[in-house]
Amino acid sequence: MTNALLILISLVTLGAAATAMVLRNLIHSVLLLIGSWIGVSVFYLWAGAEFVAFAQVLVYVGAVSMVVLFAVLLTRRSRSDISVSPDSVSRAISAFLVGACVLGVLLYGAVFSALPVPEGHRPNASVHQLGMELLGPQAAALVIIGMILTVATLGGVVIASTGSGEKKEDPS
Amino acid sequence: MNPPFAVLDPLLERAPQILRDLLTSHLPEPWRWFVNSLLAIIVILAVFGFLFAALTLAERKILGRVQNRPGPNRTGPFGLLQPIADGIKMLSKEDIVPRDADHLLHFLAPVTLLASSILAFAVIPYGRNLVPVDMDASVLYFFAVGATTELAVFMAGWSSHNKYSLLAAMRALAQLISYELPLLLSWLPIVMISGTLSTTGIVAAQSGWRWGWMPTWHIFTPWGFAGFMVFMVAALAESNRSPFDLPEAESELIAGHLTEYSGCKYVFFFMAEYFGMIALSGMAVTLFLGGWHAPLPSLEFIPSYVWFAAKLLTLLFGFIWIRATFPRLRIDQLTRFAWKFLVPLALINLGTAAFWSLSAGWSGPFHLARWAVAVALVVVPFVVMGRRLSGGVAPRTYSFAA
């Protein structure tokens with residue numbers, strides 16, 4: 001029963017992601033991608049990680065999806081300009097080779113790396129304990145991630161700003 | 001307390017459970033759980049569906065009174081049957097889909113919006129032991145479910161294939177992202193102080209009395225009051241209510257993402273807006289106003305769900321009152337207000353809550369100092385930033401009005 005559920009969740013998630021790659025309509029792709037993110041959060045729910053699942057929905061479905069949608073909508077390109085055929089046969093072959101290599105490395109890593117499974121005890125991951133763990137032993141990592149994200153945001157602001165200190169028209 | 005109340009109190013308090021057990025206690029175990037859940041869903045849909053109908057009438061009546069006119073008064077006594085007439089009208093209208101619209105998304109948008117707004121009702125504690133789903137991270141669940149709103153609005157605006165709808169969708173995204181941040185930051189102090197993400201835990205943290213009479217609700221602390229104000233402003237914006245109804249803006253965008261919707265789908269949007277407003281008010285009651293707790297020890301004989309309903313209706317009245325009296329903001333004012341005023345205030349409020357938590361042991365004159373410092377931490381940034389926000393703008397000179 002639970003395995004069937006897992007297979008269903010992964011089929012929906014991967015199916016949505018695969019369809020997103022194939023579709024020509026960018027908005028449809030984005031929406032399918034969001035569907036696949038929701039699938040990932042359902043997987044977390046299935047695995048019993050409530051906190052991570054809701055955080056996934058809040059961050060990805062709530063925030064990251066908006067960024068992607070804005071990027072798509074603000075890109076000034078009509079649907080007909082996007083060329084979808086490769087420039088030459090050699091480029092297509094090399095692209096295919098590179099893609100296959102990346103896939104191989106990822107598959108090798110996923111299938112053959114040994115993940116340590118603690119014997120006997122199931123980790124008890126209540127929200128309270130997660131918080132204690134994150135703000136206690138893992139506090140440094142949390143702060144570093146926060147720093148990186150802040151720097152990234154600042155970089156985005158710098159890139160987005162037009163540079164000249166143009167005056168807004170008087171609102172009155 | 002009068003003797004009859006002493007008998008009535010536990011009976012009325014436990015009435016919902018007693019009724020439920022009467023219906024389901026004879027069922028075998030897995031079925032009993034299933035029927036109980038089903039009952040909870042049916043009750044939520046019935047109660048809030050009715051509240052939605054009543055609210056549309058109340059809103060029109062109150063708006064009418066505020067604007068010095070009677071409001072709807074033709075259907076039934078005092079216009080009481082107006083929601084039924086509206087419902088029949090809306091359901092029997094033709095459902096028009098534009099020829100160039102993206103048919104699937106055009107259909108999915110209202111369904112997603114309504115479904116996510118109904119899901120939010122699952123974690124609100126409506127009374128003592130009256131919470132449909134009790135989770136460890138239920139506050140996070142509530143706001144995660146709410147995050148799909150912006151997606152649905154975008155789907156509606158984009159799939160309609162109408163420039164006004166698309167403009168409205170862009171506006172809505174900008175607005176919802178801007179106000180999501182203060183909304184989330186405003187309740188973080190509560191999680192900090194009460195040390196739990198579960199709604200029942202947060203309500204339990206607000207039980208008891210300070211100095212024997214003052215309820216220990218979060219709103220009666222300096223950081224709680226500031227958080228409540230930020231939360232309510234952000235909630236207004238998140239539910240697209242006036243004065244933050246820019247995405248709909250009838251006069252500029254001919255109702256925005258709703259332009260191409262009619263009939264039943266339009267009702268879905270309308271319902272989702274009201275459900276969202278009710279759910280956010282319910283969450284505000286839970287987080288800041290003590291949930292289902294009574295405001296005075298002597299009033300505890302009134303059942304908890306009555307108190308919850310009273311607080312909820314008060315907040316909803318506030319929503320309608322604000323709609324009746326505030327003019328709509330401009331889009332730049334709207335985003336500036338969020339990023340330059342609400343977000344810094346909410347961040348400072350986080351510091352205030354940290355101070356409050358660290359100074360919990362202070363007593364005697366230090367207790368007074370604790371209150372003074374916390375109040376100053378709330379009021380001073382508010383005044384300073386408020387003056388800065390209106391600096392250079394007010395007082396305004398009107399070129400065409402004498």
# chains A, B, ... in the order shown; residues from 1 in each chain; ligands from 1
call {"tool": "closest_atom_pairs", "arguments": {"of": "chain B", "to": "chain A", "cutoff": "7 Å", "atoms": "only C-alpha atoms", "output": "CSV"}}
result
residue,atom,partner,partner_atom,distance
B:Asp136,CA,A:Val127,CA,6.6
B:Ala137,CA,A:Phe51,CA,6.0
B:Leu140,CA,A:Phe54,CA,6.2
B:Tyr141,CA,A:Phe54,CA,5.6
B:Ala144,CA,A:Leu58,CA,4.5
B:Ala147,CA,A:Gly62,CA,4.5
B:Thr148,CA,A:Gly62,CA,6.2
B:Arg396,CA,A:Ser172,CA,6.3
B:Thr397,CA,A:Ser172,CA,6.8
call {"tool": "residues_around", "arguments": {"residues": "stretch 216-231 of chain B", "least_positions_apart": "6", "cutoff": "7 Å", "atoms": "only C-alpha atoms", "output": "VMD selection string"}}
result
chain B and resid 182 to 183 186 to 187 206 to 210 288 to 290 342 346 349 352 to 353 374 to 375 378
call {"tool": "write_last_selection", "arguments": {"atoms": "N, CA and C atoms", "output": "mmCIF file, in the first residue's frame"}}
result
data_model
loop_
_atom_site.group_PDB
_atom_site.id
_atom_site.type_symbol
_atom_site.label_atom_id
_atom_site.label_comp_id
_atom_site.auth_asym_id
_atom_site.auth_seq_id
_atom_site.Cartn_x
_atom_site.Cartn_y
_atom_site.Cartn_z
ATOM 1 N N PRO B 182 5.849 40.427 5.316
ATOM 2 C CA PRO B 182 5.382 40.893 6.626
ATOM 3 C C PRO B 182 4.384 39.942 7.281
ATOM 4 N N LEU B 183 3.564 39.279 6.452
ATOM 5 C CA LEU B 183 2.593 38.345 7.026
ATOM 6 C C LEU B 183 3.313 37.234 7.788
ATOM 7 N N SER B 186 5.277 38.594 10.904
ATOM 8 C CA SER B 186 4.504 39.115 12.027
ATOM 9 C C SER B 186 4.159 38.028 13.034
ATOM 10 N N TRP B 187 4.040 36.764 12.606
ATOM 11 C CA TRP B 187 3.706 35.745 13.601
ATOM 12 C C TRP B 187 4.935 35.002 14.113
ATOM 13 N N GLN B 206 -1.773 30.904 25.612
ATOM 14 C CA GLN B 206 -2.446 32.159 25.936
ATOM 15 C C GLN B 206 -3.517 31.988 27.003
ATOM 16 N N SER B 207 -3.535 30.831 27.671
ATOM 17 C CA SER B 207 -4.516 30.651 28.742
ATOM 18 C C SER B 207 -3.967 31.279 30.017
ATOM 19 N N GLY B 208 -4.856 31.590 30.957
ATOM 20 C CA GLY B 208 -4.419 32.152 32.227
ATOM 21 C C GLY B 208 -4.548 33.663 32.229
ATOM 22 N N TRP B 209 -4.269 34.255 33.390
ATOM 23 C CA TRP B 209 -4.541 35.671 33.592
ATOM 24 C C TRP B 209 -3.334 36.342 34.198
ATOM 25 N N ARG B 210 -3.028 37.553 33.698
ATOM 26 C CA ARG B 210 -1.984 38.365 34.300
ATOM 27 C C ARG B 210 -2.663 39.247 35.341
ATOM 28 N N PHE B 288 -3.211 35.778 18.013
ATOM 29 C CA PHE B 288 -3.044 36.995 18.809
ATOM 30 C C PHE B 288 -4.137 37.192 19.859
ATOM 31 N N LEU B 289 -5.371 36.771 19.536
ATOM 32 C CA LEU B 289 -6.493 37.113 20.408
ATOM 33 C C LEU B 289 -6.879 35.972 21.342
ATOM 34 N N GLY B 290 -5.944 35.089 21.640
ATOM 35 C CA GLY B 290 -6.230 34.071 22.639
ATOM 36 C C GLY B 290 -7.088 32.925 22.171
ATOM 37 N N LEU B 342 6.330 48.015 6.568
ATOM 38 C CA LEU B 342 5.880 46.822 7.287
ATOM 39 C C LEU B 342 7.013 45.837 7.550
ATOM 40 N N ALA B 346 8.249 44.691 11.183
ATOM 41 C CA ALA B 346 8.125 43.294 11.608
ATOM 42 C C ALA B 346 9.474 42.755 12.066
ATOM 43 N N ASN B 349 10.185 44.081 15.381
ATOM 44 C CA ASN B 349 9.300 43.422 16.330
ATOM 45 C C ASN B 349 9.876 42.082 16.786
ATOM 46 N N THR B 352 12.093 42.928 19.490
ATOM 47 C CA THR B 352 11.322 43.240 20.698
ATOM 48 C C THR B 352 10.900 41.958 21.405
ATOM 49 N N ALA B 353 10.438 40.991 20.605
ATOM 50 C CA ALA B 353 10.009 39.724 21.199
ATOM 51 C C ALA B 353 11.183 39.006 21.851
ATOM 52 N N ALA B 374 9.964 47.698 25.989
ATOM 53 C CA ALA B 374 9.277 47.013 24.898
ATOM 54 C C ALA B 374 8.340 47.966 24.155
ATOM 55 N N VAL B 375 7.613 48.787 24.935
ATOM 56 C CA VAL B 375 6.705 49.745 24.291
ATOM 57 C C VAL B 375 7.500 50.724 23.439
ATOM 58 N N VAL B 378 8.520 49.409 20.191
ATOM 59 C CA VAL B 378 7.442 49.334 19.206
ATOM 60 C C VAL B 378 7.095 50.715 18.668
#
call {"tool": "residues_around", "arguments": {"residues": "A:Leu33", "least_positions_apart": "6", "cutoff": "8 Å", "atoms": "only C-alpha atoms", "output": "NGL selection string"}}
result
:A and (16-17 or 20)
call {"tool": "residues_around", "arguments": {"residues": "B:Ser262", "least_positions_apart": "4", "cutoff": "12 Å", "atoms": "only C-alpha atoms", "output": "JSON, numbers by chain"}}
result
{"B": [89, 90, 91, 92, 93, 94, 95, 96, 97, 98, 106, 107, 110, 160, 255, 257, 258, 266, 267, 268, 269, 270]}
call {"tool": "write_last_selection", "arguments": {"atoms": "N, CA and C atoms", "output": "PDB file, in the first residue's frame"}}
result
ATOM      1  N   LYS B  89     -29.048  33.561  -9.104  1.00  0.00           N
ATOM      2  CA  LYS B  89     -28.662  34.339 -10.286  1.00  0.00           C
ATOM      3  C   LYS B  89     -27.307  33.875 -10.807  1.00  0.00           C
ATOM      4  N   MET B  90     -26.322  33.741  -9.885  1.00  0.00           N
ATOM      5  CA  MET B  90     -24.974  33.400 -10.309  1.00  0.00           C
ATOM      6  C   MET B  90     -24.916  32.000 -10.916  1.00  0.00           C
ATOM      7  N   LEU B  91     -25.630  31.060 -10.284  1.00  0.00           N
ATOM      8  CA  LEU B  91     -25.527  29.677 -10.761  1.00  0.00           C
ATOM      9  C   LEU B  91     -26.238  29.496 -12.096  1.00  0.00           C
ATOM     10  N   SER B  92     -27.269  30.315 -12.363  1.00  0.00           N
ATOM     11  CA  SER B  92     -28.002  30.122 -13.612  1.00  0.00           C
ATOM     12  C   SER B  92     -27.437  30.965 -14.746  1.00  0.00           C
ATOM     13  N   LYS B  93     -26.366  31.716 -14.483  1.00  0.00           N
ATOM     14  CA  LYS B  93     -25.753  32.524 -15.539  1.00  0.00           C
ATOM     15  C   LYS B  93     -24.957  31.650 -16.491  1.00  0.00           C
ATOM     16  N   GLU B  94     -24.793  32.132 -17.716  1.00  0.00           N
ATOM     17  CA  GLU B  94     -23.997  31.378 -18.678  1.00  0.00           C
ATOM     18  C   GLU B  94     -22.529  31.463 -18.295  1.00  0.00           C
ATOM     19  N   ASP B  95     -21.836  30.340 -18.440  1.00  0.00           N
ATOM     20  CA  ASP B  95     -20.408  30.298 -18.149  1.00  0.00           C
ATOM     21  C   ASP B  95     -19.659  30.543 -19.451  1.00  0.00           C
ATOM     22  N   ILE B  96     -19.111  31.753 -19.590  1.00  0.00           N
ATOM     23  CA  ILE B  96     -18.466  32.121 -20.860  1.00  0.00           C
ATOM     24  C   ILE B  96     -16.964  31.936 -20.736  1.00  0.00           C
ATOM     25  N   VAL B  97     -16.376  31.240 -21.720  1.00  0.00           N
ATOM     26  CA  VAL B  97     -14.922  31.111 -21.791  1.00  0.00           C
ATOM     27  C   VAL B  97     -14.484  31.784 -23.086  1.00  0.00           C
ATOM     28  N   PRO B  98     -13.544  32.741 -23.017  1.00  0.00           N
ATOM     29  CA  PRO B  98     -13.106  33.415 -24.242  1.00  0.00           C
ATOM     30  C   PRO B  98     -12.541  32.423 -25.254  1.00  0.00           C
ATOM     31  N   HIS B 106      -7.963  28.062 -17.494  1.00  0.00           N
ATOM     32  CA  HIS B 106      -9.090  28.937 -17.190  1.00  0.00           C
ATOM     33  C   HIS B 106     -10.053  28.230 -16.241  1.00  0.00           C
ATOM     34  N   PHE B 107     -10.182  26.915 -16.404  1.00  0.00           N
ATOM     35  CA  PHE B 107     -11.040  26.145 -15.511  1.00  0.00           C
ATOM     36  C   PHE B 107     -10.346  25.848 -14.189  1.00  0.00           C
ATOM     37  N   PRO B 110      -9.978  28.913 -10.781  1.00  0.00           N
ATOM     38  CA  PRO B 110     -10.908  29.065  -9.649  1.00  0.00           C
ATOM     39  C   PRO B 110     -10.965  27.840  -8.755  1.00  0.00           C
ATOM     40  N   SER B 160      -6.767  33.937 -19.299  1.00  0.00           N
ATOM     41  CA  SER B 160      -7.920  34.619 -19.870  1.00  0.00           C
ATOM     42  C   SER B 160      -7.622  35.239 -21.231  1.00  0.00           C
ATOM     43  N   ALA B 255     -11.956  44.945 -13.161  1.00  0.00           N
ATOM     44  CA  ALA B 255     -11.991  43.755 -12.301  1.00  0.00           C
ATOM     45  C   ALA B 255     -10.864  42.773 -12.563  1.00  0.00           C
ATOM     46  N   HIS B 257      -8.230  40.094 -12.976  1.00  0.00           N
ATOM     47  CA  HIS B 257      -8.222  38.679 -13.354  1.00  0.00           C
ATOM     48  C   HIS B 257      -9.622  38.092 -13.378  1.00  0.00           C
ATOM     49  N   LEU B 258     -10.624  38.844 -12.898  1.00  0.00           N
ATOM     50  CA  LEU B 258     -11.992  38.324 -12.910  1.00  0.00           C
ATOM     51  C   LEU B 258     -12.736  38.717 -14.179  1.00  0.00           C
ATOM     52  N   TYR B 266     -17.048  32.581 -11.413  1.00  0.00           N
ATOM     53  CA  TYR B 266     -16.929  33.869 -10.723  1.00  0.00           C
ATOM     54  C   TYR B 266     -17.277  33.695  -9.246  1.00  0.00           C
ATOM     55  N   VAL B 267     -18.326  32.905  -8.998  1.00  0.00           N
ATOM     56  CA  VAL B 267     -18.715  32.655  -7.606  1.00  0.00           C
ATOM     57  C   VAL B 267     -17.570  31.997  -6.852  1.00  0.00           C
ATOM     58  N   PHE B 268     -16.865  31.076  -7.533  1.00  0.00           N
ATOM     59  CA  PHE B 268     -15.739  30.411  -6.871  1.00  0.00           C
ATOM     60  C   PHE B 268     -14.704  31.432  -6.417  1.00  0.00           C
ATOM     61  N   PHE B 269     -14.378  32.386  -7.292  1.00  0.00           N
ATOM     62  CA  PHE B 269     -13.407  33.422  -6.907  1.00  0.00           C
ATOM     63  C   PHE B 269     -13.918  34.217  -5.714  1.00  0.00           C
ATOM     64  N   PHE B 270     -15.181  34.557  -5.794  1.00  0.00           N
ATOM     65  CA  PHE B 270     -15.791  35.358  -4.751  1.00  0.00           C
ATOM     66  C   PHE B 270     -15.755  34.607  -3.425  1.00  0.00           C
TER      67      PHE B 270
END
call {"tool": "select_by_dssp", "arguments": {"residues": "stretch 109-151 of chain B", "states": "alpha helix (DSSP H)", "output": "PyMOL selection string"}}
result
chain B and resi 109-119+138-146+148-151
call {"tool": "residues_around", "arguments": {"residues": "B:Val123", "least_positions_apart": "5", "cutoff": "8 Å", "atoms": "only C-alpha atoms", "output": "number ranges by chain"}}
result
B: 131-135, 138-139, 141-142, 199
call {"tool": "write_last_selection", "arguments": {"atoms": "C-alpha atoms", "output": "compact mmCIF listing (two decimals), in the first residue's frame"}}
result
# COMPACT_ATOMS: atom_id res chain seq x y z
CA VAL B 131 -9.61 21.34 15.94
CA PRO B 132 -10.13 19.27 12.78
CA VAL B 133 -6.45 18.32 12.30
CA ASP B 134 -3.95 18.73 15.11
CA MET B 135 -0.44 18.80 13.67
CA SER B 138 0.03 23.48 11.69
CA VAL B 139 0.82 27.22 11.51
CA TYR B 141 0.69 24.31 7.03
CA PHE B 142 -1.78 27.20 7.10
CA THR B 199 -2.14 26.10 16.73
call {"tool": "atom_distance", "arguments": {"atom1": "atom CA of A:Leu130", "atom2": "atom CA of A:Ala4"}}
result
28.9 Å
call {"tool": "select_by_dssp", "arguments": {"residues": "stretch 81-314 of chain B", "states": "strand (DSSP E)", "output": "NGL selection string"}}
result
:B and (209-210 or 214-215)
call {"tool": "write_last_selection", "arguments": {"atoms": "N, CA and C atoms", "output": "short mmCIF file (atom, residue, chain, number, x, y, z; two decimals), in the first residue's frame"}}
result
data_model
loop_
_atom_site.label_atom_id
_atom_site.label_comp_id
_atom_site.auth_asym_id
_atom_site.auth_seq_id
_atom_site.Cartn_x
_atom_site.Cartn_y
_atom_site.Cartn_z
N TRP B 209 -4.27 34.26 33.39
CA TRP B 209 -4.54 35.67 33.59
C TRP B 209 -3.33 36.34 34.20
N ARG B 210 -3.03 37.55 33.70
CA ARG B 210 -1.98 38.36 34.30
C ARG B 210 -2.66 39.25 35.34
N MET B 214 -6.30 40.28 33.69
CA MET B 214 -5.97 40.60 32.30
C MET B 214 -5.56 39.32 31.58
N PRO B 215 -6.26 38.98 30.49
CA PRO B 215 -5.90 37.74 29.81
C PRO B 215 -4.50 37.81 29.22
#
call {"tool": "residues_around", "arguments": {"residues": "stretch 29-37 of chain B", "least_positions_apart": "2", "cutoff": "12 Å", "atoms": "only C-alpha atoms", "output": "list in words"}}
result
Pro16, Gln17, Leu19, Arg20, Asp21, Leu22, Leu23, Thr24, Ser25, His26, Leu27, Leu39, Ala40, Ile41, Ile42, Val43, Ile44, Ala122, Val131, Pro132 and Val133 of chain B
call {"tool": "closest_residue", "arguments": {"among": "B:Ile190, B:Met385, B:Leu312, B:Val306", "to": "B:Trp356", "atoms": "only C-alpha atoms"}}
result
B:Ile190
call {"tool": "atom_distance", "arguments": {"atom1": "atom CA of A:Leu26", "atom2": "atom CA of A:Ile7"}}
result
27.5 Å
call {"tool": "closest_residue", "arguments": {"among": "B:Val191, B:Thr286, B:Leu347, B:Leu184", "to": "B:Ala234", "atoms": "only C-alpha atoms"}}
result
B:Leu184
call {"tool": "atom_distance", "arguments": {"atom1": "atom CA of B:Ala237", "atom2": "atom CA of B:Gly201"}}
result
27.3 Å
call {"tool": "residues_around", "arguments": {"residues": "B:Gly318", "least_positions_apart": "2", "cutoff": "12 Å", "atoms": "only C-alpha atoms", "output": "PyMOL selection string"}}
result
chain B and resi 59+62-63+232-233+236+241-242+277-278+281+311-316+320-326
